[in-house]
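What follows is the content of protein02.cif, which has mmCIF, C-alpha atoms:
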data_final
#
loop_
_atom_site.label_atom_id
_atom_site.label_comp_id
_atom_site.auth_asym_id
_atom_site.auth_seq_id
_atom_site.Cartn_x
_atom_site.Cartn_y
_atom_site.Cartn_z
CA MET H 6 15.52 -45.20 20.53
CA THR H 7 18.42 -43.92 18.44
CA SER H 8 19.86 -46.04 15.66
CA ASN H 9 23.48 -46.13 14.60
CA PRO H 10 23.74 -44.70 11.07
CA ALA H 11 27.01 -46.50 10.45
CA SER H 12 25.32 -49.86 10.82
CA THR H 13 23.18 -49.20 7.74
CA ALA H 14 25.61 -47.42 5.45
CA ASN H 15 24.46 -47.30 1.82
CA PRO H 16 21.21 -49.14 2.68
CA ILE H 17 19.46 -48.59 -0.62
CA GLY H 18 22.22 -48.67 -3.16
CA PRO H 19 22.82 -45.71 -5.48
CA ALA H 20 19.93 -43.70 -4.05
CA ALA H 21 21.37 -43.66 -0.54
CA SER H 22 23.42 -40.52 -1.14
CA GLY H 23 20.65 -38.44 -2.72
CA GLU H 24 16.95 -37.94 -3.24
CA ALA H 25 16.62 -39.52 -6.68
CA VAL H 26 17.68 -42.82 -8.16
CA PRO H 27 20.07 -42.12 -11.06
CA PRO H 28 18.54 -43.17 -14.41
CA ALA H 29 21.48 -45.43 -15.14
CA ALA H 30 20.95 -47.29 -11.87
CA ALA H 31 17.20 -47.79 -12.08
CA PRO H 32 15.42 -46.24 -15.08
CA ALA H 33 11.73 -45.50 -14.72
CA SER H 34 10.96 -48.20 -17.27
CA SER H 35 12.65 -50.86 -15.13
CA PRO H 36 10.13 -53.27 -13.54
CA THR H 37 12.15 -53.08 -10.29
CA PHE H 38 12.04 -49.28 -10.01
CA SER H 39 10.24 -47.80 -7.01
CA PRO H 40 10.14 -44.27 -5.62
CA LEU H 41 12.67 -43.49 -2.92
CA TYR H 42 10.07 -43.16 -0.16
CA GLN H 43 8.80 -46.64 -1.05
CA GLN H 44 12.32 -47.99 -0.60
CA ILE H 45 12.51 -46.32 2.81
CA LYS H 46 9.09 -47.75 3.66
CA GLY H 47 10.44 -51.19 2.80
CA LEU H 48 13.50 -50.72 5.01
CA ILE H 49 11.39 -49.58 7.96
CA THR H 50 9.07 -52.55 7.42
CA GLN H 51 12.09 -54.88 7.51
CA SER H 52 13.04 -53.41 10.89
CA LEU H 53 9.48 -53.95 12.15
CA GLU H 54 9.49 -57.55 10.92
CA SER H 55 12.88 -58.30 12.48
CA GLY H 56 11.70 -56.98 15.83
CA GLU H 57 14.16 -54.10 16.01
CA TRP H 58 11.21 -52.01 17.25
CA LYS H 59 8.64 -53.99 19.21
CA PRO H 60 4.86 -53.45 19.14
CA GLY H 61 3.99 -50.47 21.30
CA GLU H 62 7.52 -49.03 21.23
CA ILE H 63 8.44 -45.62 19.88
CA ILE H 64 10.54 -45.65 16.72
CA PRO H 65 13.40 -43.20 15.99
CA SER H 66 12.41 -39.68 15.02
CA GLU H 67 12.12 -38.60 11.39
CA VAL H 68 15.40 -36.70 11.78
CA GLU H 69 17.17 -39.80 13.10
CA LEU H 70 15.75 -42.02 10.36
CA ALA H 71 16.69 -39.47 7.69
CA SER H 72 20.27 -39.56 8.98
CA ARG H 73 20.24 -43.34 9.15
CA TYR H 74 19.07 -43.80 5.58
CA LYS H 75 20.80 -40.67 4.20
CA VAL H 76 17.64 -39.18 2.75
CA SER H 77 15.59 -36.07 3.48
CA GLN H 78 13.20 -35.81 6.40
CA GLY H 79 10.36 -35.31 3.89
CA THR H 80 11.09 -38.66 2.27
CA VAL H 81 11.01 -40.37 5.67
CA ARG H 82 7.77 -38.58 6.55
CA LYS H 83 6.06 -39.81 3.39
CA ALA H 84 7.16 -43.40 4.13
CA ILE H 85 5.87 -43.14 7.70
CA ASP H 86 2.58 -41.65 6.48
CA GLU H 87 1.99 -44.75 4.35
CA LEU H 88 2.95 -47.11 7.17
CA ALA H 89 0.50 -45.28 9.44
CA ALA H 90 -2.20 -45.60 6.78
CA ASP H 91 -1.40 -49.34 6.66
CA ASN H 92 -1.89 -49.50 10.47
CA LEU H 93 1.71 -50.59 11.03
CA LEU H 94 2.66 -47.36 12.79
CA VAL H 95 0.68 -44.93 14.94
CA ARG H 96 1.42 -41.21 15.19
CA ARG H 97 0.73 -39.62 18.59
CA GLN H 98 0.67 -35.84 18.67
CA GLY H 99 3.51 -34.46 20.75
CA LYS H 100 4.83 -37.93 21.63
CA GLY H 101 6.21 -39.43 18.43
CA THR H 102 5.53 -42.43 16.20
CA PHE H 103 4.94 -45.86 17.70
CA VAL H 104 4.73 -49.41 16.40
CA ALA H 105 1.06 -50.36 16.23
CA THR H 106 -0.08 -53.10 18.56
CA HIS H 107 -3.19 -55.25 18.95
CA ASN H 108 -3.15 -54.35 22.65
CA GLU H 109 -4.58 -50.92 21.80
CA ASP H 110 -8.23 -50.47 22.73
CA ARG H 111 -9.50 -49.95 19.18
CA ALA H 112 -7.27 -52.48 17.43
CA GLN H 113 -9.76 -55.33 17.84
CA PHE H 114 -12.38 -53.44 15.84
CA ARG H 115 -10.10 -53.41 12.78
CA PHE H 116 -10.75 -57.14 12.44
CA LEU H 117 -14.06 -57.62 14.25
CA ARG H 118 -16.50 -55.58 12.20
CA LEU H 119 -19.79 -56.53 13.83
CA LEU H 120 -21.75 -53.52 15.07
CA ALA H 121 -25.10 -53.24 16.80
CA ASP H 122 -27.91 -51.56 14.91
CA ASP H 123 -27.36 -48.45 17.06
CA GLY H 124 -23.88 -48.17 15.49
CA VAL H 125 -22.08 -48.61 18.80
CA GLU H 126 -19.14 -50.99 19.22
CA HIS H 127 -20.36 -53.23 22.04
CA PRO H 128 -17.79 -55.11 24.12
CA HIS H 129 -17.85 -58.88 23.79
CA VAL H 130 -16.91 -61.89 25.87
CA SER H 131 -15.01 -64.83 24.38
CA ARG H 132 -15.89 -68.37 25.45
CA LEU H 133 -13.28 -70.92 24.36
CA LEU H 134 -14.59 -74.32 23.34
CA GLU H 135 -11.42 -76.17 22.33
CA CYS H 136 -7.81 -75.86 21.22
CA ARG H 137 -6.07 -78.86 19.71
CA ARG H 138 -3.32 -79.84 17.32
CA LEU H 139 -4.09 -81.91 14.24
CA ARG H 140 -2.96 -82.45 10.67
CA ALA H 141 -3.91 -79.86 8.07
CA SER H 142 -6.49 -80.79 5.47
CA ALA H 143 -5.59 -80.05 1.86
CA ASP H 144 -7.79 -76.93 1.90
CA ILE H 145 -6.35 -75.46 5.12
CA ALA H 146 -2.81 -76.33 4.06
CA ARG H 147 -3.29 -74.52 0.75
CA GLN H 148 -4.57 -71.38 2.44
CA LEU H 149 -1.78 -71.35 5.03
CA ASP H 150 0.88 -72.18 2.43
CA LEU H 151 1.65 -75.48 4.16
CA LYS H 152 1.93 -79.06 2.99
CA PRO H 153 -1.07 -81.36 3.48
CA ALA H 154 -0.85 -83.12 6.84
CA ASP H 155 1.50 -80.46 8.29
CA PRO H 156 0.63 -79.69 11.93
CA VAL H 157 -1.94 -76.96 12.61
CA VAL H 158 -3.71 -75.65 15.69
CA LEU H 159 -7.52 -75.45 15.70
CA ILE H 160 -9.26 -73.05 18.09
CA LYS H 161 -13.03 -72.97 18.46
CA ARG H 162 -14.73 -70.20 20.40
CA LEU H 163 -17.99 -68.34 20.85
CA LEU H 164 -18.35 -64.57 21.14
CA GLN H 165 -21.15 -63.16 23.26
CA PHE H 166 -22.42 -59.60 22.85
CA ASP H 167 -24.57 -58.23 25.67
CA GLY H 168 -24.97 -61.78 26.98
CA GLU H 169 -26.19 -63.16 23.66
CA THR H 170 -24.18 -65.78 21.76
CA THR H 171 -23.56 -64.10 18.42
CA VAL H 172 -20.44 -65.52 16.72
CA LEU H 173 -18.93 -68.99 16.32
CA ASP H 174 -15.29 -68.96 15.20
CA GLU H 175 -13.08 -71.76 13.88
CA ILE H 176 -9.47 -70.53 13.79
CA TRP H 177 -6.70 -72.48 12.07
CA LEU H 178 -3.04 -71.60 12.76
CA PRO H 179 0.26 -73.08 11.49
CA GLY H 180 1.48 -75.48 14.14
CA GLY H 181 5.15 -74.59 13.70
CA VAL H 182 4.54 -70.89 14.40
CA PHE H 183 2.16 -71.51 17.31
CA ARG H 184 4.04 -74.33 19.00
CA GLY H 185 3.02 -74.54 22.65
CA LEU H 186 -0.40 -72.94 22.23
CA THR H 187 -2.88 -74.78 24.47
CA LEU H 188 -6.41 -74.26 25.74
CA GLU H 189 -5.04 -73.54 29.21
CA ARG H 190 -2.69 -70.90 27.86
CA LEU H 191 -5.54 -69.25 25.96
CA GLN H 192 -7.75 -69.26 29.05
CA ASP H 193 -5.02 -67.68 31.18
CA TYR H 194 -4.48 -64.81 28.73
CA LYS H 195 -6.81 -61.89 29.46
CA GLY H 196 -6.35 -59.71 26.36
CA PRO H 197 -7.51 -59.96 22.74
CA LEU H 198 -6.51 -63.08 20.80
CA TYR H 199 -4.43 -61.15 18.25
CA ALA H 200 -2.60 -59.39 21.09
CA MET H 201 -1.62 -62.81 22.47
CA PHE H 202 -0.36 -63.94 19.06
CA GLU H 203 1.69 -60.73 18.88
CA THR H 204 3.20 -60.71 22.37
CA GLU H 205 3.68 -64.44 23.03
CA PHE H 206 4.31 -65.83 19.55
CA GLY H 207 5.87 -62.86 17.77
CA THR H 208 3.22 -62.97 15.03
CA ARG H 209 1.38 -59.77 14.16
CA MET H 210 -1.67 -59.85 11.93
CA ILE H 211 -1.33 -56.82 9.65
CA ARG H 212 -3.98 -57.42 6.99
CA ALA H 213 -6.71 -59.86 6.03
CA THR H 214 -8.87 -60.86 3.10
CA GLU H 215 -12.44 -61.99 3.64
CA LYS H 216 -15.23 -63.76 1.80
CA ILE H 217 -18.73 -63.05 3.09
CA ARG H 218 -21.91 -64.89 2.17
CA ALA H 219 -25.34 -65.72 3.55
CA VAL H 220 -25.82 -69.33 4.71
CA ALA H 221 -28.38 -71.45 6.49
CA ALA H 222 -27.22 -72.79 9.86
CA ASP H 223 -26.49 -76.50 9.86
CA PRO H 224 -27.60 -78.35 13.01
CA SER H 225 -24.19 -78.38 14.77
CA VAL H 226 -23.62 -74.66 14.23
CA ALA H 227 -27.23 -73.81 15.10
CA ASP H 228 -26.94 -75.71 18.39
CA LEU H 229 -23.88 -73.71 19.50
CA LEU H 230 -25.42 -70.39 18.46
CA HIS H 231 -28.79 -71.21 20.05
CA VAL H 232 -30.76 -70.71 16.85
CA PRO H 233 -32.96 -73.15 14.88
CA ALA H 234 -31.38 -75.29 12.16
CA GLY H 235 -31.65 -73.45 8.86
CA PHE H 236 -31.54 -70.05 10.57
CA PRO H 237 -30.00 -67.36 8.29
CA LEU H 238 -26.40 -66.58 9.27
CA LEU H 239 -23.58 -64.51 7.87
CA SER H 240 -20.55 -66.65 6.97
CA VAL H 241 -17.17 -64.85 7.07
CA GLU H 242 -14.09 -66.68 5.80
CA ARG H 243 -10.84 -64.85 6.50
CA VAL H 244 -7.16 -65.37 5.73
CA SER H 245 -4.89 -63.13 7.83
CA TYR H 246 -1.33 -62.22 6.89
CA THR H 247 1.77 -61.06 8.71
CA TYR H 248 4.83 -59.30 7.31
CA GLY H 249 6.01 -60.51 3.93
CA ASP H 250 2.43 -61.39 3.00
CA ARG H 251 2.75 -64.72 4.82
CA PRO H 252 -0.62 -66.30 5.69
CA VAL H 253 -0.77 -67.19 9.39
CA GLU H 254 -4.46 -67.65 10.10
CA VAL H 255 -7.55 -69.10 8.46
CA ARG H 256 -10.73 -68.13 10.27
CA ARG H 257 -14.26 -69.29 9.55
CA GLY H 258 -16.97 -67.44 11.42
CA TRP H 259 -20.75 -67.76 11.60
CA TYR H 260 -22.55 -64.60 12.67
CA VAL H 261 -26.07 -64.09 14.02
CA THR H 262 -26.99 -60.68 12.65
CA THR H 263 -30.29 -60.17 14.45
CA GLY H 264 -29.74 -56.68 15.81
CA TYR H 265 -26.27 -56.45 14.24
CA TYR H 266 -24.63 -55.69 10.91
CA TYR H 267 -21.19 -56.23 9.40
CA GLN H 268 -19.44 -52.99 8.52
CA ASN H 269 -16.67 -52.81 5.93
CA ASP H 270 -15.06 -49.44 5.23
CA LEU H 271 -13.83 -48.94 1.67
CA SER H 272 -11.19 -46.39 0.70
#

Turn this file's structure into structure tokens for me.
Amino acid sequence: MTSNPASTANPIGPAASGEAVPPAAAPASSPTFSPLYQQIKGLITQSLESGEWKPGEIIPSEVELASRYKVSQGTVRKAIDELAADNLLVRRQGKGTFVATHNEDRAQFRFLRLLADDGVEHPHVSRLLECRRLRASADIARQLDLKPADPVVLIKRLLQFDGETTVLDEIWLPGGVFRGLTLERLQDYKGPLYAMFETEFGTRMIRATEKIRAVAADPSVADLLHVPAGFPLLSVERVSYTYGDRPVEVRRGWYVTTGYYYQNDLS
């Protein structure tokens, strides 16, 4: 895809015609100052958010983007390097740079961090229990940046690894964003849940924060996970965000870790 440079003339103000922001325009002491490559990163992110380049599509080359934004190819490369590190773009040797997508084979393991004791990522099967619309509680509304009693969608599902029920998920989504999401629609979709959110609702999960603690299974959770009441479980509470740091999912999961562990890579 080739972009029209004229459509984005002077996209970043005084820095658009050179490789450094003039001190008079944005001195280093200014709280709004950011390096030029960060400005380019922001502009590329805006194009990703607007859907100019769809998940899975190739983006313009570094040469084309350098011409579009009137900066050097090195500046564009540094911006793309950071976006690739953020898992928003994917470089493919000899092919180009593509918009990351949750339809990729390994994408699901960015957000599902449960591994067997042998260290192997075992495939899992999702069993949907329910999907319904209701009014947000004060707690869910706060986490999704909604008003109390705003509509939300609640999904409940079980994940089975090697035939064993291992995870119970409660997933809360803003009702306005996921209008039309039903149990039947979820059952008909054959890919990962986040891939469905991306392709059918235009909402891409790009990062998440989690709280993890040990808990004792209450009777209702224990029954679904086929463990005794009081059984030790791992509780994972997640808020997932899309572009602009907008929260679009609250997920509460209960994990049976017999034979499994939760891996979190720090960098």

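Selection check: the PyMOL selection byres ((chain H and resi 140) around 8) on the shown file gives H:Arg138, H:Leu139, H:Ala141, H:Ser142, H:Pro153, H:Ala154, H:Asp155, H:Pro156, H:Val157.
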
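Once the PyMOL selection byres ((chain H and resi 129) around 8) is applied to the depicted file, the selected set reads His127, Pro128, Val130, Ser131, Leu164, Gln165, Phe166 and Asp167 of chain H.
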
Would you save the residues of that selection, restricted to C-alpha atoms, as a PDB file, in the frame of the given file?
ATOM      1  CA  HIS H 127     -20.360 -53.230  22.040  1.00  0.00           C
ATOM      2  CA  PRO H 128     -17.790 -55.110  24.120  1.00  0.00           C
ATOM      3  CA  VAL H 130     -16.910 -61.890  25.870  1.00  0.00           C
ATOM      4  CA  SER H 131     -15.010 -64.830  24.380  1.00  0.00           C
ATOM      5  CA  LEU H 164     -18.350 -64.570  21.140  1.00  0.00           C
ATOM      6  CA  GLN H 165     -21.150 -63.160  23.260  1.00  0.00           C
ATOM      7  CA  PHE H 166     -22.420 -59.600  22.850  1.00  0.00           C
ATOM      8  CA  ASP H 167     -24.570 -58.230  25.670  1.00  0.00           C
TER       9      ASP H 167
END

Inset, instruction - Could you state which residues are captured by the PyMOL selection byres ((chain H and resi 84) around 7) in this file, as a VMD selection string? - result: chain H and resid 42 to 43 45 to 46 80 to 83 85 to 88

Using all atoms listed in the file, tabulate the residues of range 44-92 of chain H lying at most 12 Å from any atom of range 239-261 of chain H, each with its closest atom pair and that distance in Å to one decimal, by chain and increasing residue number, as a Markdown table.
| residue | atom | partner | partner_atom | distance |
| --- | --- | --- | --- | --- |
| H:Gly47 | CA | H:Gly249 | CA | 10.4 |
| H:Ile49 | CA | H:Tyr248 | CA | 11.7 |
| H:Thr50 | CA | H:Tyr248 | CA | 8.0 |
| H:Gln51 | CA | H:Tyr248 | CA | 8.5 |
| H:Ser52 | CA | H:Tyr248 | CA | 10.7 |
| H:Leu53 | CA | H:Tyr248 | CA | 8.6 |
| H:Glu54 | CA | H:Tyr248 | CA | 6.1 |
| H:Ser55 | CA | H:Tyr248 | CA | 9.6 |
| H:Gly56 | CA | H:Tyr248 | CA | 11.2 |
| H:Asp91 | CA | H:Tyr248 | CA | 11.8 |

Can I get the selection written as an mmCIF file, in the frame of the given file, with C-alpha atoms?
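Writing done, so here's selection_2.cif:
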data_model
loop_
_atom_site.group_PDB
_atom_site.id
_atom_site.type_symbol
_atom_site.label_atom_id
_atom_site.label_comp_id
_atom_site.auth_asym_id
_atom_site.auth_seq_id
_atom_site.Cartn_x
_atom_site.Cartn_y
_atom_site.Cartn_z
ATOM 1 C CA GLY H 47 10.440 -51.190 2.800
ATOM 2 C CA ILE H 49 11.390 -49.580 7.960
ATOM 3 C CA THR H 50 9.070 -52.550 7.420
ATOM 4 C CA GLN H 51 12.090 -54.880 7.510
ATOM 5 C CA SER H 52 13.040 -53.410 10.890
ATOM 6 C CA LEU H 53 9.480 -53.950 12.150
ATOM 7 C CA GLU H 54 9.490 -57.550 10.920
ATOM 8 C CA SER H 55 12.880 -58.300 12.480
ATOM 9 C CA GLY H 56 11.700 -56.980 15.830
ATOM 10 C CA ASP H 91 -1.400 -49.340 6.660
#

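Interatomic distance, CA of Asp123 in chain H to CA of Gly168 in chain H: 16.8 Å.
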
May I have the centre and edge lengths, in Å to one decimal, of an axis-aligned box around the listed atoms of range 233-239 of chain H with 4 Å added to every side, as JSON?
{"center_x": -28.3, "center_y": -69.9, "center_z": 11.4, "size_x": 17.4, "size_y": 18.8, "size_z": 15.0}

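Of the listed residues H:Trp177, H:Gly101, H:Val125, H:Arg162, the one whose atoms come nearest to Asp144 in chain H is H:Trp177, with distances taken using only C-alpha atoms.
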
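Straight-line separation from CA of Leu173 in chain H to CA of Glu135 in chain H: 12.0 Å.
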
Legend entry - Near-Leu119 in chain H list (10 Å; only C-alpha atoms; drop same-chain fewer than 3 positions) as a PyMOL selection string: chain H and resi 114+116+122+124-127+166+171-172+260-262+265-269

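You can rank H:Ala222, H:Leu229, H:Ile211, H:Ile217 by their closest distance to Glu169 in chain H using all atoms listed in the file, and at the top of that list sits H:Leu229.
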
Legend entry - Residue nearest Arg73 in chain H among H:Thr102, H:Leu48, H:Gly181, H:Ala219 (counting only C-alpha atoms): H:Leu48

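One distance worth recording is that between CA of Thr106 in chain H and CA of Tyr199 in chain H, which is 9.2 Å.
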
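Distances from H:Ser77, H:Arg190, H:Gly196, H:Thr170 to Val232 in chain H were compared using all atoms listed in the file, and the smallest one belongs to H:Thr170.
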